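J.: If you scroll down you'll find the structure; I have some questions about it.
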Amino acid sequence: MLRAASARQGFSPPDDASGVFFFDDGQNMSTVPITLRGAEKLKEELHRLKTKDRPEVVNAIAEARAQGDLSENAEYDAAKDRQGFIEARIREIEGKLSSAQVIDPSTLDADGRVVFGATVELEDEDSGETITYQIVGEDEADLKLGLINISSPIARALIGKQAGDTAVVQAPAGARSYEIVDVQYR
């Protein structure tokens with residue numbers, strides 16, 4: 001396995017066509033890559049859930065209980081359902097943050113290779129159209145914003161390549177070829 005992409009970030013590119021990155025926090029625990037921006041968004045959501053949404057639903061449950069018979073109280077049932085959703089989401093975010101390998105793309109030094117967090121400018125070899133994507137974690141992906149999941153077919157085709165290389169992406173409509181125009185870490 002190649003282990004030189006960025007020692008200070010703790011990950012290495014694949015040495016085969018799988019496109020799978022290996023992340024190691026030094027404790028041999030499974031970690032999930034996330035950009036600094038993505039981690040901050042999760043922390044903000046967690047803070048809102050704990051400081052705003054959770055107290056609101058506790059008050060709604062208390063108000064519904066005060067109305068008497070709980071067996072036919074739709075407000076109580078709705079508040080309990082909402083509480084379950086909030087508590088599950090809090091656990092989910094805490095779990096994701098605890099296993100997160102936070103990567104600041106601006107600190108990467110991967111010698112011009114496409115790695116997690118890199119922003120890649122591509123040119124479609126058929127149409128000549130240029131597009132720019134940043135390779136991010138699952139929770140951060142948003143194609144409309146140019147943020148693609150590390151597990152997506154296009155990201156897997158790009159990983160390990162550099163400017164001037166061609167990436168062939170297997171899409172449902174057939175193979176598409178993209179030339180990598182530029183790779184940035186920002």
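Every chain in the structure tokens takes a letter, A first, then B, and so on in the order presented; its residues are numbered from 1, and the ligands are numbered from 1 following the presented order.
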Pick out the residues sitting within 7 Å of region 114-116 of chain A, and hand them over as a PDB file with C-alpha atoms, in the first residue's frame; count only C-alpha atoms, and ignore anything fewer than 5 positions along from it in its own chain.

T.:
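out_30.pdb was written with the following content:
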```
ATOM      1  CA  ILE A 135     -13.959  15.476  -3.220  1.00  0.00           C
ATOM      2  CA  VAL A 136     -15.632  15.351   0.197  1.00  0.00           C
ATOM      3  CA  ILE A 150     -15.371  10.157  -2.068  1.00  0.00           C
ATOM      4  CA  LEU A 158      -9.985  10.637 -10.086  1.00  0.00           C
ATOM      5  CA  ILE A 159      -8.192   9.491  -6.918  1.00  0.00           C
ATOM      6  CA  GLY A 160      -4.442   9.209  -7.375  1.00  0.00           C
ATOM      7  CA  LYS A 161      -4.363  10.972 -10.752  1.00  0.00           C
ATOM      8  CA  GLN A 162      -2.842  14.394 -11.466  1.00  0.00           C
ATOM      9  CA  VAL A 183      -5.753  20.020  -8.868  1.00  0.00           C
TER      10      VAL A 183
END
```

J.: Just give me the gap between CA of Ala141 (chain A) and CA of Ile180 (chain A) in Å, one decimal is fine.

T.: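 A separation of 20.1 Å between them.
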
J.: Just the residues within 9 Å of Gly164 (chain A), please, counting only C-alpha atoms, with nothing from its chain fewer than 5 positions along; format it as an mmCIF file with all heavy atoms, in the first residue's frame.

T.:
```
data_model
loop_
_atom_site.group_PDB
_atom_site.id
_atom_site.type_symbol
_atom_site.label_atom_id
_atom_site.label_comp_id
_atom_site.auth_asym_id
_atom_site.auth_seq_id
_atom_site.Cartn_x
_atom_site.Cartn_y
_atom_site.Cartn_z
ATOM 1 N N GLU A 179 -10.397 14.952 -18.813
ATOM 2 C CA GLU A 179 -8.999 15.301 -18.617
ATOM 3 C C GLU A 179 -8.911 16.155 -17.359
ATOM 4 O O GLU A 179 -9.718 17.071 -17.156
ATOM 5 C CB GLU A 179 -8.434 16.093 -19.793
ATOM 6 C CG GLU A 179 -6.969 16.447 -19.555
ATOM 7 C CD GLU A 179 -6.362 17.280 -20.660
ATOM 8 O OE1 GLU A 179 -6.972 17.393 -21.749
ATOM 9 O OE2 GLU A 179 -5.276 17.834 -20.429
ATOM 10 N N ILE A 180 -7.962 15.848 -16.502
ATOM 11 C CA ILE A 180 -7.758 16.631 -15.296
ATOM 12 C C ILE A 180 -6.944 17.858 -15.679
ATOM 13 O O ILE A 180 -5.797 17.736 -16.109
ATOM 14 C CB ILE A 180 -7.064 15.803 -14.206
ATOM 15 C CG1 ILE A 180 -7.936 14.590 -13.848
ATOM 16 C CG2 ILE A 180 -6.789 16.665 -12.974
ATOM 17 C CD1 ILE A 180 -7.271 13.598 -12.929
ATOM 18 N N VAL A 181 -7.553 19.034 -15.553
ATOM 19 C CA VAL A 181 -6.915 20.284 -15.942
ATOM 20 C C VAL A 181 -6.079 20.845 -14.794
ATOM 21 O O VAL A 181 -4.971 21.318 -15.002
ATOM 22 C CB VAL A 181 -7.982 21.327 -16.384
ATOM 23 C CG1 VAL A 181 -7.345 22.657 -16.729
ATOM 24 C CG2 VAL A 181 -8.790 20.786 -17.574
ATOM 25 N N ASP A 182 -6.631 20.770 -13.565
ATOM 26 C CA ASP A 182 -5.944 21.364 -12.420
ATOM 27 C C ASP A 182 -6.384 20.662 -11.144
ATOM 28 O O ASP A 182 -7.520 20.207 -11.033
ATOM 29 C CB ASP A 182 -6.282 22.863 -12.335
ATOM 30 C CG ASP A 182 -5.438 23.605 -11.320
ATOM 31 O OD1 ASP A 182 -4.291 23.191 -11.056
ATOM 32 O OD2 ASP A 182 -5.924 24.621 -10.777
#
```

J.: Can you tell me, as a short mmCIF file (atom, residue, chain, number, x, y, z; two decimals) with all heavy atoms, in the first residue's frame, what residues are no more than 9 Å from Ile86 (chain A) when counting only C-alpha atoms, ignoring any on the same chain fewer than 4 positions away?

T.:
```cif
data_model
loop_
_atom_site.label_atom_id
_atom_site.label_comp_id
_atom_site.auth_asym_id
_atom_site.auth_seq_id
_atom_site.Cartn_x
_atom_site.Cartn_y
_atom_site.Cartn_z
N LEU A 49 -29.29 21.08 17.89
CA LEU A 49 -30.16 20.00 18.38
C LEU A 49 -30.17 19.96 19.91
O LEU A 49 -31.23 19.77 20.52
CB LEU A 49 -29.70 18.65 17.83
CG LEU A 49 -29.99 18.40 16.36
CD1 LEU A 49 -29.25 17.17 15.87
CD2 LEU A 49 -31.49 18.25 16.11
N LYS A 50 -29.00 20.14 20.53
CA LYS A 50 -28.90 20.03 21.99
C LYS A 50 -29.41 21.27 22.71
O LYS A 50 -29.97 21.15 23.80
CB LYS A 50 -27.45 19.76 22.40
CG LYS A 50 -27.00 18.35 22.12
CD LYS A 50 -25.59 18.14 22.63
CE LYS A 50 -25.19 16.68 22.62
NZ LYS A 50 -23.84 16.48 23.19
N ASP A 53 -33.49 22.50 19.81
CA ASP A 53 -34.53 21.53 19.47
C ASP A 53 -34.90 20.61 20.63
O ASP A 53 -36.08 20.36 20.88
CB ASP A 53 -34.11 20.69 18.27
CG ASP A 53 -33.97 21.51 16.99
OD1 ASP A 53 -34.28 22.72 17.02
OD2 ASP A 53 -33.54 20.95 15.96
N ARG A 54 -33.90 20.10 21.35
CA ARG A 54 -34.18 19.19 22.47
C ARG A 54 -35.00 19.89 23.56
O ARG A 54 -36.03 19.34 23.98
CB ARG A 54 -32.87 18.65 23.04
CG ARG A 54 -33.08 17.66 24.18
CD ARG A 54 -31.76 17.31 24.84
NE ARG A 54 -31.15 16.12 24.25
CZ ARG A 54 -29.90 15.75 24.49
NH1 ARG A 54 -29.10 16.48 25.24
NH2 ARG A 54 -29.43 14.64 23.96
N VAL A 57 -38.70 20.31 22.42
CA VAL A 57 -39.51 19.10 22.41
C VAL A 57 -39.82 18.64 23.84
O VAL A 57 -40.91 18.12 24.10
CB VAL A 57 -38.88 17.98 21.56
CG1 VAL A 57 -37.76 17.26 22.27
CG2 VAL A 57 -39.93 16.98 21.11
N ASP A 81 -42.48 11.39 19.15
CA ASP A 81 -41.84 10.99 17.89
C ASP A 81 -40.71 11.96 17.54
O ASP A 81 -39.62 11.54 17.14
CB ASP A 81 -42.85 10.96 16.74
CG ASP A 81 -43.80 9.78 16.82
OD1 ASP A 81 -43.53 8.83 17.61
OD2 ASP A 81 -44.82 9.79 16.10
N ARG A 82 -40.97 13.24 17.69
CA ARG A 82 -39.95 14.26 17.39
C ARG A 82 -38.76 14.10 18.34
O ARG A 82 -37.61 14.22 17.92
CB ARG A 82 -40.57 15.66 17.53
CG ARG A 82 -39.61 16.80 17.34
CD ARG A 82 -39.54 17.23 15.89
NE ARG A 82 -38.67 18.38 15.79
CZ ARG A 82 -37.59 18.42 15.03
NH1 ARG A 82 -37.28 17.40 14.28
NH2 ARG A 82 -36.83 19.49 15.00
N ILE A 90 -28.83 13.14 17.29
CA ILE A 90 -27.72 13.52 18.18
C ILE A 90 -26.73 12.37 18.28
O ILE A 90 -25.52 12.57 18.14
CB ILE A 90 -28.25 13.95 19.57
CG1 ILE A 90 -28.93 15.31 19.48
CG2 ILE A 90 -27.11 13.98 20.60
CD1 ILE A 90 -29.67 15.73 20.74
N ARG A 91 -27.23 11.15 18.51
CA ARG A 91 -26.34 9.98 18.60
C ARG A 91 -25.59 9.76 17.29
O ARG A 91 -24.40 9.45 17.28
CB ARG A 91 -27.13 8.73 18.98
CG ARG A 91 -27.51 8.66 20.45
CD ARG A 91 -28.08 7.31 20.84
NE ARG A 91 -29.23 6.91 20.05
CZ ARG A 91 -30.49 7.27 20.29
NH1 ARG A 91 -30.75 8.06 21.31
NH2 ARG A 91 -31.47 6.84 19.53
#
```

J.: Pick out each residue of region 21-163 of chain A that DSSP on the backbone tags as alpha helix (DSSP H); I need them as a PyMOL selection string.

T.: chain A and resi 36-48+54-66+74-98+153-158

J.: As a PyMOL selection string, please: the residues near Arg89 (chain A) (cut-off 9 Å, only C-alpha atoms, same-chain neighbours under 4 positions excluded).

T.: chain A and resi 46+49+84-85+93-94

J.: Take the residues from that selection and write them out as a tab-separated table (two decimals), in the first residue's frame, keeping N, CA and C atoms.

T.:
```
chain	number	residue	atom	x	y	z
A	46	LEU	N	-25.27	19.72	15.73
A	46	LEU	CA	-25.31	19.08	17.03
A	46	LEU	C	-25.62	20.10	18.12
A	49	LEU	N	-29.29	21.08	17.89
A	49	LEU	CA	-30.16	20.00	18.38
A	49	LEU	C	-30.17	19.96	19.91
A	84	GLY	N	-37.72	11.34	19.71
A	84	GLY	CA	-36.98	10.17	19.25
A	84	GLY	C	-36.09	10.49	18.06
A	85	PHE	N	-36.62	11.27	17.13
A	85	PHE	CA	-35.84	11.68	15.97
A	85	PHE	C	-34.64	12.53	16.40
A	93	ILE	N	-24.80	12.00	14.92
A	93	ILE	CA	-23.77	13.03	14.72
A	93	ILE	C	-22.60	12.81	15.66
A	94	GLU	N	-22.88	12.50	16.91
A	94	GLU	CA	-21.80	12.25	17.87
A	94	GLU	C	-20.94	11.07	17.41
```

J.: Using only C-alpha atoms, which residues sit within 12 Å of region 168-175 of chain A once same-chain residues fewer than 4 positions away are excluded, as JSON, numbers by chain?

T.: {"A": [17, 19, 122, 123, 124, 125, 126, 152, 153, 154, 155, 156, 157, 158, 159, 161, 179, 180]}

J.: Residues of the last selection are to be written out with C-alpha atoms, as a compact mmCIF listing (two decimals), in the first residue's frame.

T.:
```txt
# COMPACT_ATOMS: atom_id res chain seq x y z
CA ALA A 17 -8.09 0.42 -9.25
CA GLY A 19 -10.22 3.92 -5.53
CA LEU A 122 -12.02 18.65 -15.32
CA GLU A 123 -12.66 18.94 -19.03
CA ASP A 124 -15.14 16.56 -20.62
CA GLU A 125 -13.20 15.12 -23.57
CA ASP A 126 -16.37 14.76 -25.67
CA SER A 152 -18.86 8.21 -6.06
CA PRO A 153 -17.76 6.70 -9.39
CA ILE A 154 -16.22 9.97 -10.57
CA ALA A 155 -14.24 10.50 -7.35
CA ARG A 156 -12.98 6.92 -7.44
CA ALA A 157 -11.85 7.44 -11.05
CA LEU A 158 -9.98 10.64 -10.09
CA ILE A 159 -8.19 9.49 -6.92
CA LYS A 161 -4.36 10.97 -10.75
CA GLU A 179 -9.00 15.30 -18.62
CA ILE A 180 -7.76 16.63 -15.30
```

J.: I'd like the interatomic distance between CA of Glu44 (chain A) and CA of Ser151 (chain A), to a tenth of an Å.

T.: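 CA of Ser151 (chain A) lies at a distance of 24.6 Å from CA of Glu44 (chain A).
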
J.: Any idea what's packed within 12 Å of Lys144 (chain A), counting only C-alpha atoms, ignoring anything in its chain fewer than 2 positions away? Could you give it as JSON, numbers by chain?

T.: {"A": [131, 132, 133, 134, 140, 141, 142, 146, 147, 148]}

J.: Write the residues you've just listed into a file as a short mmCIF file (atom, residue, chain, number, x, y, z; two decimals), in the first residue's frame, and include C-alpha atoms for each of them.

T.:
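Printed below is selection-v3.cif as written:
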```cif
data_model
loop_
_atom_site.label_atom_id
_atom_site.label_comp_id
_atom_site.auth_asym_id
_atom_site.auth_seq_id
_atom_site.Cartn_x
_atom_site.Cartn_y
_atom_site.Cartn_z
CA ILE A 131 -16.46 21.39 -14.45
CA THR A 132 -14.97 21.71 -10.99
CA TYR A 133 -15.53 19.30 -8.11
CA GLN A 134 -14.23 19.02 -4.59
CA GLU A 140 -20.96 16.84 2.76
CA ALA A 141 -21.70 15.79 -0.81
CA ASP A 142 -23.90 18.18 -2.80
CA GLY A 146 -19.72 20.82 -6.86
CA LEU A 147 -19.09 18.64 -3.79
CA ILE A 148 -18.79 14.95 -4.69
#
```

J.: Could you tell me, as a PyMOL selection string, which residues of region 10-156 of chain A DSSP assigns to strand (DSSP E or B) when given the backbone?

T.: chain A and resi 11-12+22-23+32-35+100-103+113+119-124+130-136+142+147-149

J.: Check the smallest atom-to-atom distance from each of A:Ala74, A:Asp139, A:Pro55, A:Glu63 to Glu40 (chain A) using only C-alpha atoms, then report the winner.

T.: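 Result for the nearest residue to Glu40 (chain A): A:Asp139.
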
J.: Find the distance between CA of Asn149 (chain A) and CA of Ile34 (chain A) and write it in Å to one decimal.

T.: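 Here the two named atoms are 10.2 Å from each other.
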
J.: Just checking: using only C-alpha atoms, which residue out of A:Ala64, A:Val32, A:Ala39, A:Ala118 ends up closest to Ser106 (chain A)?

T.: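 Answer, going by the shortest atom-to-atom distance: A:Ala118.
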